[in-house]
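Trainee: Please find one structure pasted underneath; my questions will follow.
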Amino acid sequence: IVVYWGWSGSGLLFYDDAGESKSVVGPALIDFAGSGLVHLTGGVGAFCGAIIVGPRNGRWDESKANDFDGHSVPFCVLGTFFLWFGWYGFNPGSTGSMHDAATAHTAGLVAVNTTLAPCVAGLIVFMLRAFVFPPRLLDVGAFCNGILAGLV
């Protein structure tokens with residue numbers, strides 16, 4: 001239903017009115033690569049799931065509040081790199097085409113941003129965790145979370 005509203009060309013957020021694109025709230029929705037509707041639907045679904053499932057056992061127990069370790073750091077890193085690699089197919093591919101120099105330049109710029117943003121975000125999180133926030137330690141899990149935050 002949500003996708004129909006934005007992508008169909010006859011939904012509430014994007015429809016044609018005598019050759020002019022409009023929506024019920026004014027200008028038509030421009031949703032590059034589906035990012036708005038996909039994240040809206042996923043976020044609402046995750047929020048509903050979090051309400052239904054509730055907090056994990058021991059989440060509010062003061063003696064266990066800071067003890068939440070991952071099970072496998074190598075698998076965390078491997079999964080992060082798998083997701084990062086997938087972003088290279090999605091982001092430049094979402095530019096729509098590469099039939100001339102201008103569109104190929106745009107796709108290349110998107111690929112460069114897909115490289116630099118997670119690198120910088122991962123390093124910032126890693127440095128903050130190592131030098132600013134106690135306990136000061138070299139946290140690979142936080143580094144991977146920073147990479148994913150930079151990708152998003």
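Residues in the structure tokens are numbered from 1 in each chain, the chains being A, B, ... in the order shown, and ligands are numbered from 1 in the order shown.
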Can you pull out every residue within 12 Å of Asp17 (chain A), counting only C-alpha atoms, but drop anything in the same chain fewer than 6 positions away, and send it as a list of chain:residue names?
Mentor: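 My reading of the contact set: A:Gly9, A:Ser10, A:Gly11, A:Ser23, A:Val24, A:Gly26, A:Pro27, A:Ala28.
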Trainee: Those same residues, written as a CSV table (one decimal), in the first residue's frame with all heavy atoms?
Mentor:
chain,number,residue,atom,x,y,z
A,9,GLY,N,2.3,6.2,-9.7
A,9,GLY,CA,1.9,7.3,-10.6
A,9,GLY,C,0.5,7.6,-10.5
A,9,GLY,O,0.0,8.6,-11.2
A,10,SER,N,-0.3,6.9,-9.6
A,10,SER,CA,-1.7,7.3,-9.4
A,10,SER,C,-2.0,7.2,-7.9
A,10,SER,O,-3.2,7.1,-7.6
A,10,SER,CB,-2.6,6.4,-10.2
A,10,SER,OG,-2.4,5.0,-9.9
A,11,GLY,N,-1.0,7.2,-7.1
A,11,GLY,CA,-1.2,7.1,-5.6
A,11,GLY,C,-1.3,8.5,-5.0
A,11,GLY,O,-1.3,9.5,-5.7
A,23,SER,N,0.8,15.8,-5.7
A,23,SER,CA,0.4,14.9,-4.6
A,23,SER,C,-0.7,15.5,-3.8
A,23,SER,O,-1.0,16.7,-4.0
A,23,SER,CB,1.6,14.5,-3.7
A,23,SER,OG,2.0,15.6,-2.9
A,24,VAL,N,-1.2,14.8,-2.8
A,24,VAL,CA,-2.3,15.4,-2.0
A,24,VAL,C,-1.8,16.5,-1.1
A,24,VAL,O,-2.5,17.3,-0.5
A,24,VAL,CB,-3.0,14.3,-1.1
A,24,VAL,CG1,-3.7,13.3,-2.0
A,24,VAL,CG2,-2.0,13.6,-0.2
A,26,GLY,N,0.8,18.7,-2.1
A,26,GLY,CA,1.5,19.7,-2.9
A,26,GLY,C,2.3,19.1,-4.0
A,26,GLY,O,1.8,18.3,-4.8
A,27,PRO,N,3.6,19.4,-4.0
A,27,PRO,CA,4.5,18.8,-5.1
A,27,PRO,C,4.6,17.3,-5.0
A,27,PRO,O,4.4,16.7,-3.9
A,27,PRO,CB,5.8,19.4,-4.8
A,27,PRO,CG,5.6,20.6,-3.9
A,27,PRO,CD,4.3,20.3,-3.2
A,28,ALA,N,4.8,16.7,-6.1
A,28,ALA,CA,4.9,15.2,-6.1
A,28,ALA,C,6.1,14.7,-5.4
A,28,ALA,O,7.1,15.4,-5.3
A,28,ALA,CB,4.9,14.7,-7.6
Trainee: Write out as a list in words which residues come within 7 Å of region 116-133 of chain A when counting only C-alpha atoms, dropping same-chain ones fewer than 2 positions away.
Mentor: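 Near neighbours after the sequence-gap exclusion: Val112, Asn113, Thr114, Pro135, Arg136, Leu137, Leu138, Asp139, Ala142, Phe143, Cys144, Gly146, Ile147, Leu148, Ala149, Gly150 and Leu151 of chain A.
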Trainee: May I have the residues from that selection written out with C-alpha atoms, as an mmCIF file, in the first residue's frame?
Mentor:
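Produced file result-v6.cif, reproduced below:
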data_model
loop_
_atom_site.group_PDB
_atom_site.id
_atom_site.type_symbol
_atom_site.label_atom_id
_atom_site.label_comp_id
_atom_site.auth_asym_id
_atom_site.auth_seq_id
_atom_site.Cartn_x
_atom_site.Cartn_y
_atom_site.Cartn_z
ATOM 1 C CA VAL A 112 33.281 7.588 -4.198
ATOM 2 C CA ASN A 113 30.776 8.792 -1.587
ATOM 3 C CA THR A 114 29.923 5.138 -0.872
ATOM 4 C CA PRO A 135 36.223 2.486 29.009
ATOM 5 C CA ARG A 136 38.769 3.555 26.410
ATOM 6 C CA LEU A 137 39.379 0.523 24.223
ATOM 7 C CA LEU A 138 39.866 -0.490 20.605
ATOM 8 C CA ASP A 139 36.348 -1.632 19.773
ATOM 9 C CA ALA A 142 31.837 -0.067 17.285
ATOM 10 C CA PHE A 143 34.036 0.410 14.208
ATOM 11 C CA CYS A 144 31.678 -1.824 12.203
ATOM 12 C CA GLY A 146 30.289 3.341 12.460
ATOM 13 C CA ILE A 147 30.845 1.932 8.962
ATOM 14 C CA LEU A 148 27.191 0.931 8.688
ATOM 15 C CA ALA A 149 26.081 4.336 9.989
ATOM 16 C CA GLY A 150 28.206 5.991 7.315
ATOM 17 C CA LEU A 151 26.657 3.804 4.646
#
Trainee: Could you give me, as number ranges by chain, each residue of chain A that DSSP assigns to strand (DSSP E or B) when run on this structure's backbone?
Mentor: A: 10, 15-17, 20-23, 26-27
Trainee: Take the residues that were just selected and, keeping N, CA and C atoms, output them as an mmCIF file, in the first residue's frame.
Mentor:
data_model
loop_
_atom_site.group_PDB
_atom_site.id
_atom_site.type_symbol
_atom_site.label_atom_id
_atom_site.label_comp_id
_atom_site.auth_asym_id
_atom_site.auth_seq_id
_atom_site.Cartn_x
_atom_site.Cartn_y
_atom_site.Cartn_z
ATOM 1 N N SER A 10 -0.261 6.946 -9.645
ATOM 2 C CA SER A 10 -1.654 7.300 -9.411
ATOM 3 C C SER A 10 -1.997 7.209 -7.922
ATOM 4 N N TYR A 15 0.823 11.597 -8.432
ATOM 5 C CA TYR A 15 -0.157 11.314 -9.467
ATOM 6 C C TYR A 15 -0.084 12.391 -10.546
ATOM 7 N N ASP A 16 -0.681 12.102 -11.669
ATOM 8 C CA ASP A 16 -0.641 12.996 -12.821
ATOM 9 C C ASP A 16 -1.970 13.742 -12.908
ATOM 10 N N ASP A 17 -1.881 15.058 -12.926
ATOM 11 C CA ASP A 17 -3.076 15.891 -13.039
ATOM 12 C C ASP A 17 -2.892 16.800 -14.242
ATOM 13 N N GLU A 20 0.709 17.370 -15.130
ATOM 14 C CA GLU A 20 1.546 17.917 -14.065
ATOM 15 C C GLU A 20 1.582 16.939 -12.891
ATOM 16 N N SER A 21 2.793 16.634 -12.402
ATOM 17 C CA SER A 21 2.949 15.711 -11.269
ATOM 18 C C SER A 21 2.595 16.428 -9.972
ATOM 19 N N LYS A 22 1.703 15.816 -9.205
ATOM 20 C CA LYS A 22 1.232 16.398 -7.949
ATOM 21 C C LYS A 22 1.094 15.323 -6.894
ATOM 22 N N SER A 23 0.795 15.757 -5.661
ATOM 23 C CA SER A 23 0.434 14.850 -4.581
ATOM 24 C C SER A 23 -0.657 15.516 -3.758
ATOM 25 N N GLY A 26 0.797 18.688 -2.104
ATOM 26 C CA GLY A 26 1.484 19.701 -2.903
ATOM 27 C C GLY A 26 2.312 19.076 -4.007
ATOM 28 N N PRO A 27 3.618 19.383 -4.040
ATOM 29 C CA PRO A 27 4.478 18.816 -5.092
ATOM 30 C C PRO A 27 4.562 17.297 -4.984
#
Trainee: Of the candidates A:Gly141, A:Gly89, A:Asp31, A:Thr41, which one gets nearest to Gly108 (chain A) if we count only C-alpha atoms?
Mentor: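 Answer, going by the shortest atom-to-atom distance: A:Gly89.
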Trainee: Using only C-alpha atoms, which of A:Val77, A:Phe90, A:Ser8, A:Phe82 sits nearest Val140 (chain A)?
Mentor: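 Result for the nearest residue to Val140 (chain A): A:Val77.
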Trainee: Kindly indicate which residue among A:Leu109, A:Ile1, A:Leu13, A:Cys76 lies nearest to Asn145 (chain A), using only C-alpha atoms for the distances.
Mentor: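 Selected residue with least distance to Asn145 (chain A): A:Cys76.
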Trainee: What's the 10 Å shell around Met98 (chain A), counting only C-alpha atoms, without same-chain residues fewer than 6 positions away, as a list in words?
Mentor: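 Here the answer would be Pro92, Ala104, His105, Thr106, Ala107 and Gly108 of chain A.
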Trainee: Per DSSP on the backbone, filter region 85-130 of chain A down to the residues in helix (DSSP H, G or I) and report them as a count of residues only.
Mentor: 39
Trainee: Between A:Ala101, A:Val110, A:Ala50, A:Val3, which has the minimum distance to Ser35 (chain A) (counting only C-alpha atoms)?
Mentor: A:Val3
